[in-house]
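Heads up: the structure comes next, in structure tokens.
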Amino acid sequence: MEIDRSLLLEQIKKLVSGEVSSEDVGWWAYDLLLEKELKYEPCYEQLLGDVLRSLHYFHDTEPLMQQFYPDKTEIDYYISCLKGEQIYQRSRVIHWKV
């Protein structure tokens with residue numbers, strides 16, 4: 001499956017507007033990460049992979065796991081980077097590895 005910025009922006013906009021629940025977005029991202037043949041948009045591989053990994057935490061609703069959810073600031077930063085308004089810098093976002 002091909003992953004590009006517009007695909008992730010679409011899902012994030014649905015999340016922010018309340019069209020879909022955070023848990024649904026988490027499962028969507030989780031399912032994508034399980035795909036064997038993911039192809040990321042060239043030059044945006046790191047950003048797209050990090051956004052997917054960040055969003056996938058929403059699928060786990062256990063109270064302990066909620067500490068790993070991306071907050072509004074992180075989501076806003078991802079949106080800005082996906083739109084090309086900012087250059088993505090991994091160091092601006094905490095990347096949890098569980």
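By convention in this document, the chains of the structure tokens carry letters A, B, ... by their order, each chain's residues are numbered from 1, and ligands are numbered from 1 in the order they are shown.
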Just want the 7 Å neighbourhood of range 73-89 of chain A, counted on only C-alpha atoms, with same-chain residues fewer than 4 positions away dropped. Output as a PyMOL selection string. chain A and resi 5+9+47+51+93
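Within range 52-89 of chain A, DSSP run on the backbone puts these residues in alpha helix (DSSP H): Leu52, Arg53, Ser54, Leu55, His56, Lys72, Thr73, Glu74, Ile75, Asp76, Tyr77, Tyr78, Ile79, Ser80, Cys81 and Leu82 of chain A.
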For range 25-39 of chain A: contacts at 6 Å, only C-alpha atoms, fewer than 3 positions along chain excluded, given as an MDAnalysis selection string: chainID A and resid 1:3 22 52 55:59
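Distances from A:Gly18, A:Lys72, A:Ser91, A:Asp4 to Cys43 in chain A were compared using only C-alpha atoms, and the smallest one belongs to A:Asp4.
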Any chance you could list, as a ChimeraX atom specification, the residues in chain A that come up strand (DSSP E or B) when DSSP is run on the backbone? /A:2-3,39-40
Create the file for the chosen residues now, containing C-alpha atoms and written as a PDB file, in the first residue's frame.
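again.pdb, written as the output of this step:
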ATOM      1  CA  GLU A   2       1.185   3.505  -0.783  1.00  0.00           C
ATOM      2  CA  ILE A   3       1.261   5.993   2.066  1.00  0.00           C
ATOM      3  CA  LYS A  39       5.557   2.303   0.248  1.00  0.00           C
ATOM      4  CA  TYR A  40       6.050   5.773   1.638  1.00  0.00           C
TER       5      TYR A  40
END
Among the residues A:Thr61, A:Ile94, A:Leu7, A:Gly49, the one that comes closest to Ser21 in chain A [using only C-alpha atoms]: A:Thr61
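Counting only C-alpha atoms and comparing A:Ser6, A:Glu23, A:Gln46, A:Arg90, the residue that lies closest to Tyr69 in chain A is A:Glu23.
CA of Asp50 in chain A sits 13.6 Å away from CA of Ile12 in chain A.
Rounded to one decimal, CA of Tyr44 in chain A and CA of Met65 in chain A lie 27.3 Å from each other.
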